[in-house]
Structure formats: structure tokens, C-alpha cells
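Everything below concerns the one structure shown next.
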Amino acid sequence: AMSHQLSRLGRPHVVLERGRVAERWRSERGDSLMFQFPNWSMRLPGQPYDGGDPEGFASRDEVIAFIERYRDAIRAPVRTGLGATALRPAATGDLLHLETTDGPMEADNVVSATGPYQEPIVPATSRALPSRVRQVHSSGYRNPGQLPAGAVLVVGSGASGCQIVEDLLAAGRRVYLSVGRHRRFPRRYRGRDMFWWMERLGALDDTLEERPEARERPNPLVTGVGGGHDIDLRRYRADGVALLRHLAGITGSRLHLADDVEAQLAAGDESVAAFARSVDDYIERSGIEAPAEPTPAPPASSEIPPIRELDLEEAGITAVIWATGFRRDFGWIRLPILDDRGEPVHRRGVTRCPGVYFLGLPWLHTLRSSVLCGVGDDAAHLAEHIASRVTVPAARRA
């Protein structure tokens with residue numbers, strides 16, 4: 001998207017990719033993973049969705065193919081297999097010095113578009129697990145066949161964790177799920193996909209200034225698997241999943257579990273109800289036509305048994321999947337633009353260091369910044385900012 005906008009303004013540039021185009025989709029996503037939003041939302045600047053199933057959900061390979069087609073369509077000057085390892089000021093002048101796996105480079109402007117899912121988070125408690133237990137982060141999960149025979153514990157009830165649970169169930173595996181914070185959304189409501197309603201409600205245009213509490217909120221729990229369906233953790237119990245409370249610690253082969261699962265499930269129920277209320281209110285205000293549908297009712301109560309400890313051996317658990325998210329890693333940036341947590345300090349991607357920018361981060365500007373169909377707006381803003389800087393001789397530009 002950044003390349004498209006720079007080309008539109010006639011700015012020469014190069015795109016560095018340490019792996020292949022769409023590498024994370026190739027090597028850090030499960031075989032059965034589907035795009036979480038409808039195909040019609042899979043668009044980039046100058047490239048609307050043009051497939052035959054706009055209301056469907058793209059597979060992992062289809063997403064890769066879409067990004068590859070986009071690269072070819074915009075003739076992006078991508079250099080693959082070339083990673084950036086350090087960014088600092090150049091020794092002379094106003095240039096930026098970039099260390100790469102193929103030697104140094106200098107540029108007037110550098111845009112970090114590495115995304116938010118960089119370093120897998122694995123809790124420190126993982127080190128207490130017996131060595132016989134196979135441990136895999138969700139980014140390293142491919143399919144049930146890579147795991148040893150036996151039951152599987154999935155830690156984390158976000159979108160990745162739940163898709164993995166369903167994948168394991170389909171393979172006939174016994175599954176335990178440690179439930180954490182989550183926000184459930186209905187896949188469809190009143191005739192439309194939830195993402196369609198989010199666009200109409202203006203939720204994707206919210207900024208952190210307007211919604212400061214949103215920074216700590218979990219992402220919506222939705223799936224595109226099987227044509228898209230609602231995720232309800234309580235229903236997993238009927239499918240044979242053992243729901244566990246939040247994992248608090250490990251001693252030997254024993255898991256110590258917190259006492260918060262009912263609160264987490266109740267919060268998930270309320271997020272569904274709140275979404276439905278906001279859609280109902282919007283329909284009433286706008287007067288648009290939408291089929292009537294009862295507000296989703298909370299599932300029947302199914303209190304989780306008060307299990308405070310679980311023995312891995314007695315439960316037959318031979319593998320643990322950590323669906324515990326990611327942290328950003330900008331340690332390669334040797335410039336005073338990171339805060340005490342290592343997070344970029346910027347305003348809509350523009351930092352206080354001239355010529356250094358960020359793109360593709362959650363809440364870079366709005367909620368839309370973190371979805372495929374929204375990154376182009378931020379890229380256009382950054383391209384205009386770059387073009388407005390003092391023009392330098394063509395031989396030095398990058």
C-alpha cells in the first residue's frame with residue numbers, strides 16, 4: 001500500500017522484505033486459517049476485491065495470492081530475502097543509515113511497515129512445564145498432525161485460539177481450553193456481516209482520543225471458517241471441549257487455575273448484546289431496511305466446575321498451544337522514537353525524527369488502520385508527508 005501511494009506521487013523507493021511476499025501468511029499461520037472478514041473487505045488502494053464470492057471468506061492461500069497479485073499490479077519494487085537489522089542516523093548529512101542482511105543502505109525516508117505481530121508471547125510459566133509436553137505458539141501451529149497423540153491444552157480464547165480448538169475438534173482430538181479475556185461478536189446480524197455494520201456505524205473511524213479505553217480491549221472474536229459462524233465458548237462444552245479457568249501457574253505436572261472464567265464468559269456475552277443494541281439503534285435512526293431479528297440472548301447458564309488444579313498426566317495432555325498473542329519488536333531502530341515499553345511514539349505514523357515513519361500498527365490513526373482495507377488511507381497520508389519534505393538529488397533518494 002505504501003509503495004502504491006509513493007508511486008502515485010512519483011517518489012522513487014524500494015520495499016525490503018526479509019522473507020517472501022506475505023511471508024507471515026505463508027509460514028506463521030495454520031493450514032486451516034481463514035480471513036476473518038468478508039472477501040469484499042479484502043481490498044487495497046487501487047485494487048478492490050474482484051472475486052466471485054464477496055460474502056465468503058478467503059483461505060490462507062487465497063490471501064497470499066491476493067497480495068501477490070497486488071504486488072504485480074502496482075509493480076512494487078520489492079526486494080525479497082533482504083531484512084533490515086538496524087536503523088540509525090547516517091554519519092553525515094540528513095540521511096538515515098540502514099543495516100541490512102545484504103549490507104548497508106542510506107535513505108532520506110524509512111517507513112517501518114512490519115505490522116504488530118512480530119514476537120510471539122509465551123508466558124514465563126511455560127518453563128515450568130514437564131519436558132515431555134510439546135509446546136507450540138499459535139504462530140507455529142500448522143495442523144493437528146504436528147502434535148503428539150493425546151489431549152491438547154490451548155491457552156488463550158482469542159480468534160486464533162478458538163480456530164485452533166475447532167481444528168483440533170474436527171480431527172477428533174480431546175481439547176482443553178484455558179479461557180481468557182475475549183469479546184464475542186455475532187458473525188451476522190440483521191442480514192449483514194458484523195464488519196459491514198462496523199463500517200456503517202463509523203466504528204472503524206474511531207480514534208484513540210475518542211475511545212481511549214479501546215487500546216486494552218481484545219479484538220472481536222470472529223471466524224471465517226466454514227463460511228463464517230458465531231463463536232460461543234459455552235457451546236464448545238457440548239462439543240466435548242473442557243473449559244478451564246485462566247491459567248495462573250504451573251508446578252510440576254499440575255496446572256493452577258484462577259477463579260475468573262464466569263466473569264470472562266459474561267463479558268463476552270455482554271459484548272454481543274452491546275453490538276446488537278448499537279446496530280438496532282442505528283437502523284432506527286437511519287431508517288434503513290433490515291430484516292427484524294431478536295437481540296441475541298445470552299446462552300443458557302453452564303457454570304464451569306470449580307476446578308482449581310488439573311494434573312497434565314491424569315488429563316492425558318501431551319501438548320500445549322500458547323494462543324497468547326504477540327508483542328512488537330522495534331529493537332532494530334536505534335533512534336529516540338520509542339517509549340519506555342519499546343512502543344513507537346508517533347502521530348498518525350509520523351515520528352519526531354525527520355524521515356522516519358510507521359505504518360500498519362493498531363490505532364495508528366483509527367481502528368481502520370489495523371485492517372487490510374484501511375491501511376491505504378494511512379499510507380496516502382504518509383506519502384503526502386514524504387513528498388512535502390525538501391526534495392533532494394535523485395541519486396540520494398530512497
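The chains in the C-alpha cells are called A, B, ... from first to last as shown; in each chain the residues are counted from 1, and the ligands are counted from 1 in the order shown.
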Would you please give, as a PyMOL selection string, all residues of stretch 84-222 of chain A that DSSP assigns to helix (DSSP H, G or I) based on the backbone?
-> chain A and resi 124-128+138-140+144-146+159-170+194-201+203-205+212-216
How would you write, as a count of residues only, the set of residues in stretch 58-215 of chain A that DSSP gives as strand (DSSP E)?
-> 43
Residues of stretch 133-180 of chain A that have any atom at most 9 Å from an atom of stretch 213-226 of chain A: could you tabulate them with the shortest-distance atom pair and the distance in Å to one decimal, using only C-alpha atoms, ordered by chain and increasing number, as a Markdown table?
```
| residue | atom | partner | partner_atom | distance |
| --- | --- | --- | --- | --- |
| A:Ser157 | CA | A:Leu221 | CA | 8.5 |
| A:Gly158 | CA | A:Leu221 | CA | 6.0 |
| A:Ala159 | CA | A:Leu221 | CA | 5.2 |
| A:Ser160 | CA | A:Thr223 | CA | 8.9 |
| A:Cys162 | CA | A:Leu221 | CA | 8.5 |
| A:Gln163 | CA | A:Thr223 | CA | 7.2 |
```
What is the atom CA of A:Arg26-atom CA of A:Asp53 distance in Å, reported with one decimal?
-> 22.4 Å
Stretch 300-370 of chain A near stretch 241-256 of chain A within 8 Å: what's each residue's closest atom pair and its distance in Å to one decimal, counting only C-alpha atoms, ordered by chain then ascending residue number, as a tab-separated table?
```
residue	atom	partner	partner_atom	distance
A:Ile304	CA	A:Leu243	CA	7.0
A:Ile307	CA	A:Leu244	CA	7.5
A:Arg308	CA	A:His256	CA	5.9
A:Glu309	CA	A:His256	CA	4.8
A:Leu310	CA	A:Leu255	CA	5.1
A:Asp311	CA	A:Arg254	CA	4.4
A:Leu312	CA	A:Ser253	CA	5.3
A:Glu313	CA	A:Ser253	CA	6.7
```
Counting only C-alpha atoms, which residues of stretch 75-163 of chain A fall within 12 Å of stretch 56-67 of chain A, and what is the closest atom pair for each with its distance in Å at one decimal, ordered by chain and rising number, as JSON lines?
```
{"residue": "A:Arg75", "atom": "CA", "partner": "A:Ile67", "partner_atom": "CA", "distance": 12.0}
{"residue": "A:Ala76", "atom": "CA", "partner": "A:Ile67", "partner_atom": "CA", "distance": 11.1}
{"residue": "A:Arg142", "atom": "CA", "partner": "A:Arg60", "partner_atom": "CA", "distance": 11.5}
```
Please dump the current selection as a PDB file, in the first residue's frame; keep all heavy atoms.
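Writing done, so here's again-v9.pdb:
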```pdb
ATOM      1  N   ARG A  75       3.333  -3.032  -9.652  1.00  0.00           N
ATOM      2  CA  ARG A  75       4.760  -3.117  -9.983  1.00  0.00           C
ATOM      3  C   ARG A  75       5.627  -2.624  -8.826  1.00  0.00           C
ATOM      4  O   ARG A  75       6.536  -1.802  -8.996  1.00  0.00           O
ATOM      5  CB  ARG A  75       5.049  -2.322 -11.246  1.00  0.00           C
ATOM      6  CG  ARG A  75       4.304  -2.860 -12.464  1.00  0.00           C
ATOM      7  CD  ARG A  75       4.590  -2.053 -13.705  1.00  0.00           C
ATOM      8  NE  ARG A  75       3.859  -2.580 -14.868  1.00  0.00           N
ATOM      9  CZ  ARG A  75       3.886  -2.034 -16.074  1.00  0.00           C
ATOM     10  NH1 ARG A  75       4.615  -0.942 -16.287  1.00  0.00           N
ATOM     11  NH2 ARG A  75       3.192  -2.568 -17.062  1.00  0.00           N
ATOM     12  N   ALA A  76       5.335  -3.120  -7.660  1.00  0.00           N
ATOM     13  CA  ALA A  76       6.070  -2.712  -6.473  1.00  0.00           C
ATOM     14  C   ALA A  76       7.524  -3.172  -6.564  1.00  0.00           C
ATOM     15  O   ALA A  76       7.785  -4.349  -6.852  1.00  0.00           O
ATOM     16  CB  ALA A  76       5.413  -3.297  -5.225  1.00  0.00           C
ATOM     17  N   ARG A 142       0.417 -25.555  12.683  1.00  0.00           N
ATOM     18  CA  ARG A 142       0.008 -25.768  11.299  1.00  0.00           C
ATOM     19  C   ARG A 142      -1.248 -26.630  11.209  1.00  0.00           C
ATOM     20  O   ARG A 142      -2.200 -26.277  10.537  1.00  0.00           O
ATOM     21  CB  ARG A 142       1.148 -26.439  10.509  1.00  0.00           C
ATOM     22  CG  ARG A 142       2.389 -25.586  10.404  1.00  0.00           C
ATOM     23  CD  ARG A 142       2.144 -24.328   9.583  1.00  0.00           C
ATOM     24  NE  ARG A 142       3.277 -23.418   9.696  1.00  0.00           N
ATOM     25  CZ  ARG A 142       3.373 -22.440  10.586  1.00  0.00           C
ATOM     26  NH1 ARG A 142       2.398 -22.247  11.459  1.00  0.00           N
ATOM     27  NH2 ARG A 142       4.414 -21.644  10.622  1.00  0.00           N
TER      28      ARG A 142
END
```
Mind checking which residues fall within 12 Å of stretch 281-287 of chain A, counting only C-alpha atoms, ignoring those fewer than 5 positions away in the same chain, and posting them as a ChimeraX atom specification?
-> /A:189-191,197-203,274-276,292-293,295
Could you save the residues just selected, with all heavy atoms, as a compact mmCIF listing (two decimals), in the first residue's frame?
```txt
# COMPACT_ATOMS: atom_id res chain seq x y z
N TYR A 189 -25.74 -10.28 11.64
CA TYR A 189 -26.87 -9.77 12.42
C TYR A 189 -27.74 -8.89 11.53
O TYR A 189 -27.21 -8.06 10.77
CB TYR A 189 -26.38 -8.98 13.63
CG TYR A 189 -27.49 -8.48 14.53
CD1 TYR A 189 -28.34 -9.38 15.18
CD2 TYR A 189 -27.71 -7.12 14.72
CE1 TYR A 189 -29.36 -8.94 16.00
CE2 TYR A 189 -28.73 -6.66 15.53
CZ TYR A 189 -29.55 -7.58 16.17
OH TYR A 189 -30.57 -7.14 16.98
N ARG A 190 -29.00 -9.15 11.55
CA ARG A 190 -29.98 -8.39 10.77
C ARG A 190 -29.59 -8.30 9.30
O ARG A 190 -29.64 -7.25 8.66
CB ARG A 190 -30.24 -7.02 11.38
CG ARG A 190 -30.77 -7.12 12.82
CD ARG A 190 -31.42 -5.87 13.31
NE ARG A 190 -32.66 -5.56 12.57
CZ ARG A 190 -33.51 -4.60 12.92
NH1 ARG A 190 -33.27 -3.88 14.01
NH2 ARG A 190 -34.59 -4.37 12.21
N GLY A 191 -29.17 -9.46 8.77
CA GLY A 191 -28.96 -9.59 7.34
C GLY A 191 -27.60 -9.21 6.82
O GLY A 191 -27.35 -9.31 5.62
N TRP A 197 -21.61 -3.82 9.35
CA TRP A 197 -22.22 -2.93 10.34
C TRP A 197 -21.17 -2.04 10.99
O TRP A 197 -21.43 -0.85 11.27
CB TRP A 197 -22.96 -3.73 11.42
CG TRP A 197 -24.24 -4.35 10.95
CD1 TRP A 197 -24.55 -5.67 10.89
CD2 TRP A 197 -25.39 -3.65 10.48
NE1 TRP A 197 -25.82 -5.85 10.40
CE2 TRP A 197 -26.36 -4.63 10.14
CE3 TRP A 197 -25.71 -2.30 10.30
CZ2 TRP A 197 -27.62 -4.29 9.65
CZ3 TRP A 197 -26.96 -1.96 9.80
CH2 TRP A 197 -27.91 -2.95 9.49
N MET A 198 -19.99 -2.55 11.26
CA MET A 198 -18.94 -1.72 11.87
C MET A 198 -18.60 -0.53 10.97
O MET A 198 -18.38 0.58 11.47
CB MET A 198 -17.70 -2.55 12.16
CG MET A 198 -17.87 -3.52 13.32
SD MET A 198 -16.34 -4.37 13.77
CE MET A 198 -15.41 -3.02 14.53
N GLU A 199 -18.56 -0.77 9.66
CA GLU A 199 -18.31 0.34 8.75
C GLU A 199 -19.45 1.34 8.79
O GLU A 199 -19.22 2.56 8.85
CB GLU A 199 -18.12 -0.18 7.33
CG GLU A 199 -16.78 -0.84 7.08
CD GLU A 199 -16.39 -0.83 5.62
OE1 GLU A 199 -17.26 -1.08 4.76
OE2 GLU A 199 -15.20 -0.54 5.33
N ARG A 200 -20.70 0.86 8.77
CA ARG A 200 -21.85 1.77 8.76
C ARG A 200 -21.96 2.53 10.07
O ARG A 200 -22.36 3.70 10.09
CB ARG A 200 -23.14 0.99 8.49
CG ARG A 200 -23.25 0.37 7.12
CD ARG A 200 -23.02 1.41 6.03
NE ARG A 200 -23.14 0.87 4.68
CZ ARG A 200 -22.18 0.24 4.04
NH1 ARG A 200 -21.01 0.04 4.64
NH2 ARG A 200 -22.36 -0.20 2.81
N LEU A 201 -21.62 1.91 11.17
CA LEU A 201 -21.69 2.56 12.48
C LEU A 201 -20.59 3.59 12.68
O LEU A 201 -20.62 4.36 13.65
CB LEU A 201 -21.60 1.51 13.59
CG LEU A 201 -22.79 0.56 13.75
CD1 LEU A 201 -22.43 -0.59 14.68
CD2 LEU A 201 -24.01 1.30 14.27
N GLY A 202 -19.60 3.59 11.80
CA GLY A 202 -18.48 4.50 11.94
C GLY A 202 -17.46 4.05 12.95
O GLY A 202 -16.53 4.80 13.29
N ALA A 203 -17.58 2.80 13.43
CA ALA A 203 -16.66 2.31 14.46
C ALA A 203 -15.24 2.25 13.94
O ALA A 203 -14.29 2.45 14.71
CB ALA A 203 -17.11 0.93 14.95
N ALA A 274 -24.21 -5.71 23.36
CA ALA A 274 -23.91 -4.30 23.10
C ALA A 274 -23.83 -4.03 21.60
O ALA A 274 -24.31 -3.00 21.12
CB ALA A 274 -22.62 -3.91 23.80
N PHE A 275 -23.22 -4.95 20.86
CA PHE A 275 -23.12 -4.78 19.42
C PHE A 275 -24.51 -4.77 18.80
O PHE A 275 -24.83 -3.92 17.95
CB PHE A 275 -22.28 -5.91 18.82
CG PHE A 275 -22.18 -5.86 17.32
CD1 PHE A 275 -21.26 -5.04 16.70
CD2 PHE A 275 -23.02 -6.64 16.53
CE1 PHE A 275 -21.16 -4.99 15.31
CE2 PHE A 275 -22.93 -6.60 15.15
CZ PHE A 275 -22.00 -5.78 14.53
N ALA A 276 -25.36 -5.72 19.21
CA ALA A 276 -26.71 -5.79 18.66
C ALA A 276 -27.49 -4.52 18.97
O ALA A 276 -28.22 -3.99 18.11
CB ALA A 276 -27.43 -7.01 19.22
N ALA A 292 -35.95 -7.93 10.57
CA ALA A 292 -36.04 -7.99 12.03
C ALA A 292 -35.37 -9.25 12.54
O ALA A 292 -35.39 -10.30 11.90
CB ALA A 292 -37.50 -7.96 12.46
N GLU A 293 -34.74 -9.12 13.68
CA GLU A 293 -34.06 -10.25 14.28
C GLU A 293 -34.00 -10.02 15.78
O GLU A 293 -33.69 -8.91 16.22
CB GLU A 293 -32.64 -10.38 13.72
CG GLU A 293 -31.90 -11.62 14.16
CD GLU A 293 -30.58 -11.79 13.42
OE1 GLU A 293 -30.47 -11.27 12.30
OE2 GLU A 293 -29.68 -12.44 13.97
N THR A 295 -32.71 -9.71 19.46
CA THR A 295 -31.39 -9.46 20.03
C THR A 295 -30.83 -10.77 20.56
O THR A 295 -31.53 -11.52 21.24
CB THR A 295 -31.49 -8.45 21.18
OG1 THR A 295 -32.03 -7.23 20.67
CG2 THR A 295 -30.12 -8.19 21.79
```
Report the distance between atom CA of A:Ser126 and atom CA of A:Glu28 in Å, rounded to one decimal place.
->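 That distance, rounded to one decimal, is 20.2 Å.
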Using only C-alpha atoms, determine which residues lie at most 12 Å from A:Ile317, disregarding the query and same-chain residues fewer than 6 positions distant; provide the list as an NGL selection string.
-> :A and (129-130 or 132-135 or 147-154 or 173-177 or 242 or 253-255 or 310-311)
Within 12 Å of stretch 30-51 of chain A, which residues of stretch 91-166 of chain A come that close, and what is the closest atom pair and distance in Å for each? Count only C-alpha atoms and give it as JSON lines.
```
{"residue": "A:Val136", "atom": "CA", "partner": "A:Gly30", "partner_atom": "CA", "distance": 11.8}
{"residue": "A:His137", "atom": "CA", "partner": "A:Gly30", "partner_atom": "CA", "distance": 11.0}
{"residue": "A:Ser138", "atom": "CA", "partner": "A:Gly30", "partner_atom": "CA", "distance": 8.0}
{"residue": "A:Ser139", "atom": "CA", "partner": "A:Gly30", "partner_atom": "CA", "distance": 7.5}
{"residue": "A:Gly140", "atom": "CA", "partner": "A:Gly30", "partner_atom": "CA", "distance": 7.7}
{"residue": "A:Tyr141", "atom": "CA", "partner": "A:Gly30", "partner_atom": "CA", "distance": 5.6}
{"residue": "A:Arg142", "atom": "CA", "partner": "A:Gly30", "partner_atom": "CA", "distance": 4.1}
{"residue": "A:Asn143", "atom": "CA", "partner": "A:Asp31", "partner_atom": "CA", "distance": 6.2}
{"residue": "A:Pro144", "atom": "CA", "partner": "A:Gly30", "partner_atom": "CA", "distance": 9.8}
{"residue": "A:Gly145", "atom": "CA", "partner": "A:Asp31", "partner_atom": "CA", "distance": 11.0}
{"residue": "A:Gln146", "atom": "CA", "partner": "A:Gly30", "partner_atom": "CA", "distance": 11.1}
{"residue": "A:Ala159", "atom": "CA", "partner": "A:Gln36", "partner_atom": "CA", "distance": 8.6}
{"residue": "A:Ser160", "atom": "CA", "partner": "A:Leu33", "partner_atom": "CA", "distance": 8.4}
{"residue": "A:Gly161", "atom": "CA", "partner": "A:Gly30", "partner_atom": "CA", "distance": 11.0}
{"residue": "A:Cys162", "atom": "CA", "partner": "A:Leu33", "partner_atom": "CA", "distance": 10.9}
{"residue": "A:Gln163", "atom": "CA", "partner": "A:Leu33", "partner_atom": "CA", "distance": 7.3}
{"residue": "A:Ile164", "atom": "CA", "partner": "A:Gly30", "partner_atom": "CA", "distance": 8.1}
{"residue": "A:Val165", "atom": "CA", "partner": "A:Ser32", "partner_atom": "CA", "distance": 11.5}
{"residue": "A:Glu166", "atom": "CA", "partner": "A:Ser32", "partner_atom": "CA", "distance": 9.9}
```
For all heavy atoms, I'd like the residues from the last selection saved as a short mmCIF file (atom, residue, chain, number, x, y, z; two decimals), in the first residue's frame.
```cif
data_model
loop_
_atom_site.label_atom_id
_atom_site.label_comp_id
_atom_site.auth_asym_id
_atom_site.auth_seq_id
_atom_site.Cartn_x
_atom_site.Cartn_y
_atom_site.Cartn_z
N VAL A 136 3.86 -25.31 21.60
CA VAL A 136 3.83 -24.63 20.31
C VAL A 136 3.08 -23.31 20.48
O VAL A 136 2.01 -23.28 21.08
CB VAL A 136 3.10 -25.47 19.24
CG1 VAL A 136 3.09 -24.74 17.89
CG2 VAL A 136 3.74 -26.84 19.09
N HIS A 137 3.66 -22.22 19.99
CA HIS A 137 2.91 -20.96 19.94
C HIS A 137 1.95 -21.01 18.75
O HIS A 137 2.20 -21.73 17.77
CB HIS A 137 3.86 -19.78 19.81
CG HIS A 137 3.18 -18.45 19.92
ND1 HIS A 137 2.72 -17.76 18.82
CD2 HIS A 137 2.86 -17.69 21.01
CE1 HIS A 137 2.16 -16.62 19.22
NE2 HIS A 137 2.23 -16.56 20.55
N SER A 138 0.87 -20.26 18.82
CA SER A 138 -0.12 -20.30 17.73
C SER A 138 0.51 -19.96 16.39
O SER A 138 0.06 -20.45 15.34
CB SER A 138 -1.28 -19.34 18.03
OG SER A 138 -0.79 -18.01 18.19
N SER A 139 1.56 -19.13 16.38
CA SER A 139 2.21 -18.79 15.11
C SER A 139 2.95 -19.97 14.51
O SER A 139 3.25 -19.98 13.31
CB SER A 139 3.20 -17.63 15.32
OG SER A 139 4.22 -18.00 16.23
N GLY A 140 3.27 -20.97 15.33
CA GLY A 140 3.95 -22.16 14.84
C GLY A 140 3.04 -23.34 14.62
O GLY A 140 3.48 -24.41 14.17
N TYR A 141 1.73 -23.15 14.90
CA TYR A 141 0.77 -24.25 14.70
C TYR A 141 0.38 -24.34 13.23
O TYR A 141 0.06 -23.33 12.60
CB TYR A 141 -0.47 -24.02 15.55
CG TYR A 141 -1.58 -25.00 15.27
CD1 TYR A 141 -1.56 -26.28 15.84
CD2 TYR A 141 -2.63 -24.68 14.40
CE1 TYR A 141 -2.58 -27.19 15.57
CE2 TYR A 141 -3.63 -25.58 14.13
CZ TYR A 141 -3.60 -26.84 14.71
OH TYR A 141 -4.60 -27.75 14.43
N ARG A 142 0.42 -25.56 12.68
CA ARG A 142 0.01 -25.77 11.30
C ARG A 142 -1.25 -26.63 11.21
O ARG A 142 -2.20 -26.28 10.54
CB ARG A 142 1.15 -26.44 10.51
CG ARG A 142 2.39 -25.59 10.40
CD ARG A 142 2.14 -24.33 9.58
NE ARG A 142 3.28 -23.42 9.70
CZ ARG A 142 3.37 -22.44 10.59
NH1 ARG A 142 2.40 -22.25 11.46
NH2 ARG A 142 4.41 -21.64 10.62
N ASN A 143 -1.23 -27.78 11.88
CA ASN A 143 -2.36 -28.69 11.82
C ASN A 143 -2.22 -29.70 12.96
O ASN A 143 -1.15 -29.82 13.56
CB ASN A 143 -2.44 -29.39 10.46
CG ASN A 143 -1.13 -30.09 10.11
OD1 ASN A 143 -0.72 -31.02 10.79
ND2 ASN A 143 -0.47 -29.63 9.05
N PRO A 144 -3.28 -30.45 13.27
CA PRO A 144 -3.21 -31.41 14.38
C PRO A 144 -2.13 -32.47 14.20
O PRO A 144 -1.62 -33.01 15.19
CB PRO A 144 -4.61 -32.02 14.40
CG PRO A 144 -5.49 -30.99 13.77
CD PRO A 144 -4.64 -30.35 12.72
N GLY A 145 -1.77 -32.78 12.96
CA GLY A 145 -0.81 -33.84 12.72
C GLY A 145 0.58 -33.56 13.24
O GLY A 145 1.38 -34.50 13.41
N GLN A 146 0.91 -32.31 13.52
CA GLN A 146 2.23 -31.97 14.02
C GLN A 146 2.36 -32.22 15.52
O GLN A 146 3.46 -32.13 16.07
CB GLN A 146 2.57 -30.51 13.72
CG GLN A 146 1.92 -29.50 14.66
CD GLN A 146 2.21 -28.07 14.30
OE1 GLN A 146 1.35 -27.40 13.73
NE2 GLN A 146 3.41 -27.60 14.60
N ALA A 159 -9.27 -15.14 18.72
CA ALA A 159 -9.66 -15.73 17.44
C ALA A 159 -8.75 -16.89 17.06
O ALA A 159 -9.22 -17.94 16.61
CB ALA A 159 -9.66 -14.67 16.35
N SER A 160 -7.43 -16.73 17.25
CA SER A 160 -6.50 -17.81 16.88
C SER A 160 -6.73 -19.04 17.75
O SER A 160 -6.78 -20.17 17.24
CB SER A 160 -5.05 -17.33 17.02
OG SER A 160 -4.76 -16.32 16.09
N GLY A 161 -6.86 -18.83 19.05
CA GLY A 161 -7.07 -19.96 19.96
C GLY A 161 -8.33 -20.72 19.61
O GLY A 161 -8.33 -21.96 19.60
N CYS A 162 -9.42 -20.00 19.33
CA CYS A 162 -10.68 -20.67 19.03
C CYS A 162 -10.65 -21.40 17.69
O CYS A 162 -11.20 -22.49 17.55
CB CYS A 162 -11.82 -19.66 19.08
SG CYS A 162 -12.22 -19.11 20.76
N GLN A 163 -9.98 -20.81 16.68
CA GLN A 163 -9.87 -21.52 15.41
C GLN A 163 -9.06 -22.80 15.58
O GLN A 163 -9.37 -23.83 14.97
CB GLN A 163 -9.24 -20.61 14.35
CG GLN A 163 -10.18 -19.55 13.84
CD GLN A 163 -9.79 -19.01 12.47
OE1 GLN A 163 -9.12 -19.66 11.68
NE2 GLN A 163 -10.23 -17.80 12.17
N ILE A 164 -8.04 -22.75 16.41
CA ILE A 164 -7.23 -23.94 16.64
C ILE A 164 -8.04 -24.98 17.39
O ILE A 164 -7.97 -26.19 17.09
CB ILE A 164 -5.94 -23.57 17.41
CG1 ILE A 164 -5.02 -22.77 16.49
CG2 ILE A 164 -5.22 -24.82 17.91
CD1 ILE A 164 -3.82 -22.17 17.19
N VAL A 165 -8.83 -24.57 18.38
CA VAL A 165 -9.70 -25.50 19.10
C VAL A 165 -10.62 -26.23 18.12
O VAL A 165 -10.76 -27.47 18.17
CB VAL A 165 -10.53 -24.75 20.16
CG1 VAL A 165 -11.69 -25.62 20.65
CG2 VAL A 165 -9.65 -24.35 21.35
N GLU A 166 -11.24 -25.49 17.22
CA GLU A 166 -12.17 -26.11 16.27
C GLU A 166 -11.43 -27.04 15.31
O GLU A 166 -11.96 -28.09 14.91
CB GLU A 166 -12.94 -25.03 15.52
CG GLU A 166 -13.85 -24.21 16.44
CD GLU A 166 -14.64 -23.14 15.71
OE1 GLU A 166 -14.53 -23.06 14.46
OE2 GLU A 166 -15.36 -22.37 16.37
#
```
Would you mind telling me which residue in A:Ser3, A:Thr125, A:Thr100, A:Asn109 lies nearest to A:Arg71 when using only C-alpha atoms?
->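 Looking at the shortest contact to A:Arg71, the residue is A:Ser3.
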Find the residues near A:Ile121: any atom within 10 Å, counting only C-alpha atoms, skip ones fewer than 5 places away on the same chain, and give them as a ChimeraX atom specification.
-> /A:137-139,322-328
Output C-alpha atoms for every residue in the selection just made, as an mmCIF file, in the first residue's frame.
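Saved file selection.cif follows:
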```cif
data_model
loop_
_atom_site.group_PDB
_atom_site.id
_atom_site.type_symbol
_atom_site.label_atom_id
_atom_site.label_comp_id
_atom_site.auth_asym_id
_atom_site.auth_seq_id
_atom_site.Cartn_x
_atom_site.Cartn_y
_atom_site.Cartn_z
ATOM 1 C CA HIS A 137 2.909 -20.965 19.942
ATOM 2 C CA SER A 138 -0.118 -20.300 17.733
ATOM 3 C CA SER A 139 2.211 -18.786 15.109
ATOM 4 C CA TRP A 322 0.054 -20.880 23.510
ATOM 5 C CA ALA A 323 -2.520 -18.669 21.748
ATOM 6 C CA THR A 324 -1.283 -15.801 23.877
ATOM 7 C CA GLY A 325 -0.620 -13.134 21.298
ATOM 8 C CA PHE A 326 2.384 -11.140 20.156
ATOM 9 C CA ARG A 327 4.443 -8.157 21.136
ATOM 10 C CA ARG A 328 6.083 -5.653 18.846
#
```
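Distances from A:Pro116, A:Leu204, A:Ala379, A:Thr85 to A:Glu343 were compared using only C-alpha atoms, and the smallest one belongs to A:Pro116.
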Shell of 7 Å around stretch 344-355 of chain A, only C-alpha atoms, local chain residues under 3 positions omitted, as a list in words = Asp108, Asn109, Val110, Ile337, Leu338, Asp339, Phe358, Leu359, Leu364 and His365 of chain A
For atom CA of A:Asp280 and atom CA of A:Pro186, the interatomic separation in Å (one decimal) =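 Computing the Euclidean distance for atom CA of A:Asp280 and atom CA of A:Pro186 yields 13.5 Å.
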